[in-house]
Amino acid sequence: MLKTVSALVLVATLVLQAPIAGACSAFRMPLTSPDVLVGRNFDWDYGHGLMVVNKRGLAKKAFALHPSDTLTWTSKYGSLTFNQAGRELPYGGLNEKGLMIEVLWLGYTSWPETSAPSINEVQWIQHQLDTKDSVADLILHINDARILSVFAKVHFIACDATGECATIEGIGSEIKIHTGATMPVKALTNDPYETGLKFSQSKACDAIPAGNQSLYRFARAACTATSDIQNETVAEKTSRTNATLDAVAQGDYTKWSIVYDLTAKAISIRTKDAPIAKTVSLAQFDFSCATPVKVLDLNAVVKNPQDVSSQFVDYTREANQAIVEASLLTGFAQLPKPVVEKIVMFPESLACVAP
């Protein structure tokens, strides 16, 4: 029995390593008040997934195969997230206060060991969206939870509706944060932020090498993220954000291209399988936990892509099972059935306590 348990724990540590490891890019566009736009590419072998409407007032406990001193909380804010490994385990999203968080692979990651309650690194995203209203709030409470690299070695970029951004990294068993004056370029790829910044500062925009390497993508994003876009309209800035996403894309390997409008609290997404951008506003949703959770297939072809809120459907266990099994059972990880079943069933542990 002990060998079985150990094997399950071992394979669970690989759950998200491969997809997130693919290589991704994220950046905030230059500010022209009051519009704050952030772009993000998700690069991997497959692009299935759900956009999930996450509710306020849900009592939660961090997912673990063998819970012991795991973090507990009650969601304070509603959010929309992008989920491929199961509900409550997002790769990124935006909450109703305008806080956005995205995860990117970083092979150097080593989070500090602390006595704080623990949470895995992707559910940490959900926890932040559930409980924080700004980058400043996130940074203030950064030590309230111990981040565990259960699924992958990653780092994070967060931005909010004021235009403030931060990178959060586990480097040398310390949490390193860049924000404000220490984050002159609002971008992140798959090297430590300081490494990307130094490389981009050493290259003129017309001298960036061709190729998809992390530092080259950072530098290309940096050239846009520090340029003056004057008084462009939101539509023009969205178009430029998409152009930058295309400039750091990796062909068919780029499965999702997301534009976050943190000011309007809206999201636009293009996928490889559904290239016409779908747009949705958080204002269109009821975030009360007394009403059903809603989801949308990221690759759905919809009638009105300018507002897809009406195309969301009630969440079901079967919808979660489909993406979890495609990612973790028959996909790259090929996890044991008992582990997959725990991830599929995990959302049913949540309780509505403040409808």
# chains A, B, ... in the order shown; residues from 1 in each chain; ligands from 1

call {"tool": "select_by_dssp", "arguments": {"residues": "segment 201-339 of chain A", "states": "alpha helix (DSSP H)", "output": "PyMOL selection string"}}
result
chain A and resi 201+214-225+234-247+317-324+337-339

call {"tool": "select_by_dssp", "arguments": {"residues": "segment 42-255 of chain A", "states": "strand (DSSP E or B)", "output": "MDAnalysis selection string"}}
result
chainID A and resid 42:43 50:54 58:61 70 72:74 79:83 90:95 100:105 118:120 146:148 154:159 165:171 174:179 187:188 254:255

call {"tool": "closest_residue", "arguments": {"among": "A:Ala219, A:Val293, A:Ala266, A:Ala85", "to": "Leu335 of chain A", "atoms": "only C-alpha atoms"}}
result
A:Ala85

call {"tool": "atom_distance", "arguments": {"atom1": "atom CA of Arg317 of chain A", "atom2": "atom CA of Val295 of chain A"}}
result
11.4 Å

call {"tool": "residues_around", "arguments": {"residues": "Val308 of chain A", "least_positions_apart": "4", "cutoff": "7 Å", "atoms": "only C-alpha atoms", "output": "list of chain:residue names"}}
result
A:Lys278, A:Thr279, A:Val280, A:Asn304

call {"tool": "residues_around", "arguments": {"residues": "segment 253-263 of chain A", "least_positions_apart": "4", "cutoff": "6 Å", "atoms": "only C-alpha atoms", "output": "ChimeraX atom specification"}}
result
/A:35-44,47,98,161,249,267-272

call {"tool": "write_last_selection", "arguments": {"atoms": "C-alpha atoms", "output": "PDB file, in the first residue's frame"}}
result
ATOM      1  CA  ASP A  35      -6.908  51.431 -20.411  1.00  0.00           C
ATOM      2  CA  VAL A  36      -4.787  48.564 -19.073  1.00  0.00           C
ATOM      3  CA  LEU A  37      -4.288  45.674 -21.511  1.00  0.00           C
ATOM      4  CA  VAL A  38      -2.288  42.486 -20.966  1.00  0.00           C
ATOM      5  CA  GLY A  39      -1.466  39.816 -23.557  1.00  0.00           C
ATOM      6  CA  ARG A  40      -0.652  36.165 -22.962  1.00  0.00           C
ATOM      7  CA  ASN A  41       0.161  33.206 -25.237  1.00  0.00           C
ATOM      8  CA  PHE A  42      -0.263  29.642 -24.026  1.00  0.00           C
ATOM      9  CA  ASP A  43       2.050  27.330 -25.967  1.00  0.00           C
ATOM     10  CA  TRP A  44       1.643  23.558 -25.810  1.00  0.00           C
ATOM     11  CA  GLY A  47      -5.358  23.444 -26.703  1.00  0.00           C
ATOM     12  CA  GLY A  98      -9.379  43.755 -12.228  1.00  0.00           C
ATOM     13  CA  ALA A 161      -6.602  47.704 -13.104  1.00  0.00           C
ATOM     14  CA  ALA A 249       3.886  33.137 -30.987  1.00  0.00           C
ATOM     15  CA  ILE A 267     -11.300  39.113 -21.904  1.00  0.00           C
ATOM     16  CA  SER A 268     -10.743  38.257 -25.559  1.00  0.00           C
ATOM     17  CA  ILE A 269      -9.355  34.896 -26.610  1.00  0.00           C
ATOM     18  CA  ARG A 270      -8.270  33.387 -29.924  1.00  0.00           C
ATOM     19  CA  THR A 271      -7.415  29.707 -30.082  1.00  0.00           C
ATOM     20  CA  LYS A 272      -5.736  27.665 -32.786  1.00  0.00           C
TER      21      LYS A 272
END

call {"tool": "residues_around", "arguments": {"residues": "Cys289 of chain A", "least_positions_apart": "5", "cutoff": "12 Å", "atoms": "only C-alpha atoms", "output": "list in words"}}
result
Val53, Asn54, Lys55, Arg56, Gly57, Leu58, Ala59, Thr74, Ser75, Lys76, Tyr77, Gly78, Ser79, Lys294, Leu350, Ala351, Cys352, Val353, Ala354 and Pro355 of chain A

call {"tool": "closest_residue", "arguments": {"among": "A:Leu50, A:Val135, A:Ala290, A:Ala225", "to": "Asp160 of chain A", "atoms": "only C-alpha atoms"}}
result
A:Val135

call {"tool": "closest_residue", "arguments": {"among": "A:Leu129, A:Leu140, A:Ala145, A:Val340", "to": "Ser115 of chain A", "atoms": "only C-alpha atoms"}}
result
A:Ala145

call {"tool": "closest_residue", "arguments": {"among": "A:Cys165, A:Ile139, A:Ala64, A:Leu31", "to": "Asn120 of chain A", "atoms": "only C-alpha atoms"}}
result
A:Ala64

call {"tool": "residues_around", "arguments": {"residues": "Val344 of chain A", "least_positions_apart": "5", "cutoff": "12 Å", "atoms": "only C-alpha atoms", "output": "MDAnalysis selection string"}}
result
chainID A and resid 63 84:89 316:329 337:339 349

call {"tool": "write_last_selection", "arguments": {"atoms": "N, CA and C atoms", "output": "compact mmCIF listing (two decimals), in the first residue's frame"}}
result
# COMPACT_ATOMS: atom_id res chain seq x y z
N PHE A 63 -6.12 21.68 -2.88
CA PHE A 63 -6.11 20.29 -3.34
C PHE A 63 -4.80 19.62 -2.96
N GLN A 84 -7.24 23.83 -17.90
CA GLN A 84 -6.99 22.67 -18.76
C GLN A 84 -6.78 21.41 -17.94
N ALA A 85 -6.34 21.55 -16.69
CA ALA A 85 -6.08 20.39 -15.83
C ALA A 85 -7.19 20.21 -14.80
N GLY A 86 -8.29 20.92 -14.95
CA GLY A 86 -9.40 20.75 -14.05
C GLY A 86 -9.84 22.06 -13.40
N ARG A 87 -11.11 22.12 -13.05
CA ARG A 87 -11.64 23.28 -12.34
C ARG A 87 -10.90 23.44 -11.01
N GLU A 88 -10.63 24.68 -10.63
CA GLU A 88 -9.87 25.07 -9.44
C GLU A 88 -8.37 24.97 -9.63
N LEU A 89 -7.91 24.53 -10.80
CA LEU A 89 -6.48 24.45 -11.09
C LEU A 89 -6.20 25.24 -12.37
N THR A 316 -20.62 20.79 -15.24
CA THR A 316 -20.93 19.43 -14.86
C THR A 316 -19.64 18.67 -14.55
N ARG A 317 -19.79 17.61 -13.78
CA ARG A 317 -18.63 16.76 -13.51
C ARG A 317 -18.07 16.20 -14.81
N GLU A 318 -18.97 15.91 -15.75
CA GLU A 318 -18.55 15.35 -17.03
C GLU A 318 -17.68 16.33 -17.81
N ALA A 319 -18.01 17.62 -17.73
CA ALA A 319 -17.19 18.63 -18.42
C ALA A 319 -15.80 18.69 -17.82
N ASN A 320 -15.72 18.61 -16.50
CA ASN A 320 -14.42 18.59 -15.83
C ASN A 320 -13.65 17.32 -16.18
N GLN A 321 -14.36 16.22 -16.17
CA GLN A 321 -13.73 14.93 -16.46
C GLN A 321 -13.13 14.92 -17.86
N ALA A 322 -13.82 15.54 -18.80
CA ALA A 322 -13.34 15.54 -20.19
C ALA A 322 -11.99 16.21 -20.31
N ILE A 323 -11.82 17.40 -19.69
CA ILE A 323 -10.54 18.08 -19.83
C ILE A 323 -9.46 17.44 -18.97
N VAL A 324 -9.84 16.96 -17.78
CA VAL A 324 -8.84 16.34 -16.90
C VAL A 324 -8.31 15.06 -17.53
N GLU A 325 -9.19 14.23 -18.05
CA GLU A 325 -8.73 12.98 -18.64
C GLU A 325 -7.94 13.22 -19.93
N ALA A 326 -8.37 14.20 -20.72
CA ALA A 326 -7.64 14.50 -21.94
C ALA A 326 -6.23 15.01 -21.64
N SER A 327 -6.08 15.71 -20.52
CA SER A 327 -4.77 16.26 -20.15
C SER A 327 -3.93 15.28 -19.37
N LEU A 328 -4.56 14.53 -18.48
CA LEU A 328 -3.80 13.82 -17.45
C LEU A 328 -3.92 12.31 -17.49
N LEU A 329 -4.93 11.79 -18.16
CA LEU A 329 -5.09 10.34 -18.21
C LEU A 329 -4.64 9.79 -19.56
N LYS A 337 -5.55 6.19 -12.67
CA LYS A 337 -6.97 6.54 -12.60
C LYS A 337 -7.37 7.13 -11.25
N PRO A 338 -6.88 6.60 -10.10
CA PRO A 338 -7.30 7.17 -8.82
C PRO A 338 -6.91 8.65 -8.66
N VAL A 339 -5.76 9.05 -9.18
CA VAL A 339 -5.34 10.45 -9.09
C VAL A 339 -6.25 11.32 -9.95
N SER A 349 -15.96 19.24 -3.44
CA SER A 349 -15.64 19.47 -2.02
C SER A 349 -15.91 20.90 -1.60

call {"tool": "closest_residue", "arguments": {"among": "A:Val122, A:Ala210, A:Ile147, A:Ala181", "to": "Ile101 of chain A", "atoms": "only C-alpha atoms"}}
result
A:Val122

call {"tool": "residues_around", "arguments": {"residues": "segment 202-208 of chain A", "least_positions_apart": "3", "cutoff": "7 Å", "atoms": "only C-alpha atoms", "output": "NGL selection string"}}
result
:A and (198-199 or 216 or 219 or 223)

call {"tool": "write_last_selection", "arguments": {"atoms": "C-alpha atoms", "output": "tab-separated table (two decimals), in the first residue's frame"}}
result
chain	number	residue	atom	x	y	z
A	198	LYS	CA	19.19	42.36	-18.85
A	199	PHE	CA	18.99	40.67	-22.24
A	216	TYR	CA	14.18	36.58	-27.75
A	219	ALA	CA	12.95	41.20	-25.89
A	223	CYS	CA	9.99	46.52	-27.43

call {"tool": "atom_distance", "arguments": {"atom1": "atom CA of His155 of chain A", "atom2": "atom CA of Glu169 of chain A"}}
result
4.9 Å

call {"tool": "closest_residue", "arguments": {"among": "A:Ala235, A:Leu71, A:Leu104, A:Leu148", "to": "Thr189 of chain A", "atoms": "only C-alpha atoms"}}
result
A:Leu104

call {"tool": "atom_distance", "arguments": {"atom1": "atom CA of Gly163 of chain A", "atom2": "atom CA of Lys186 of chain A"}}
result
9.8 Å
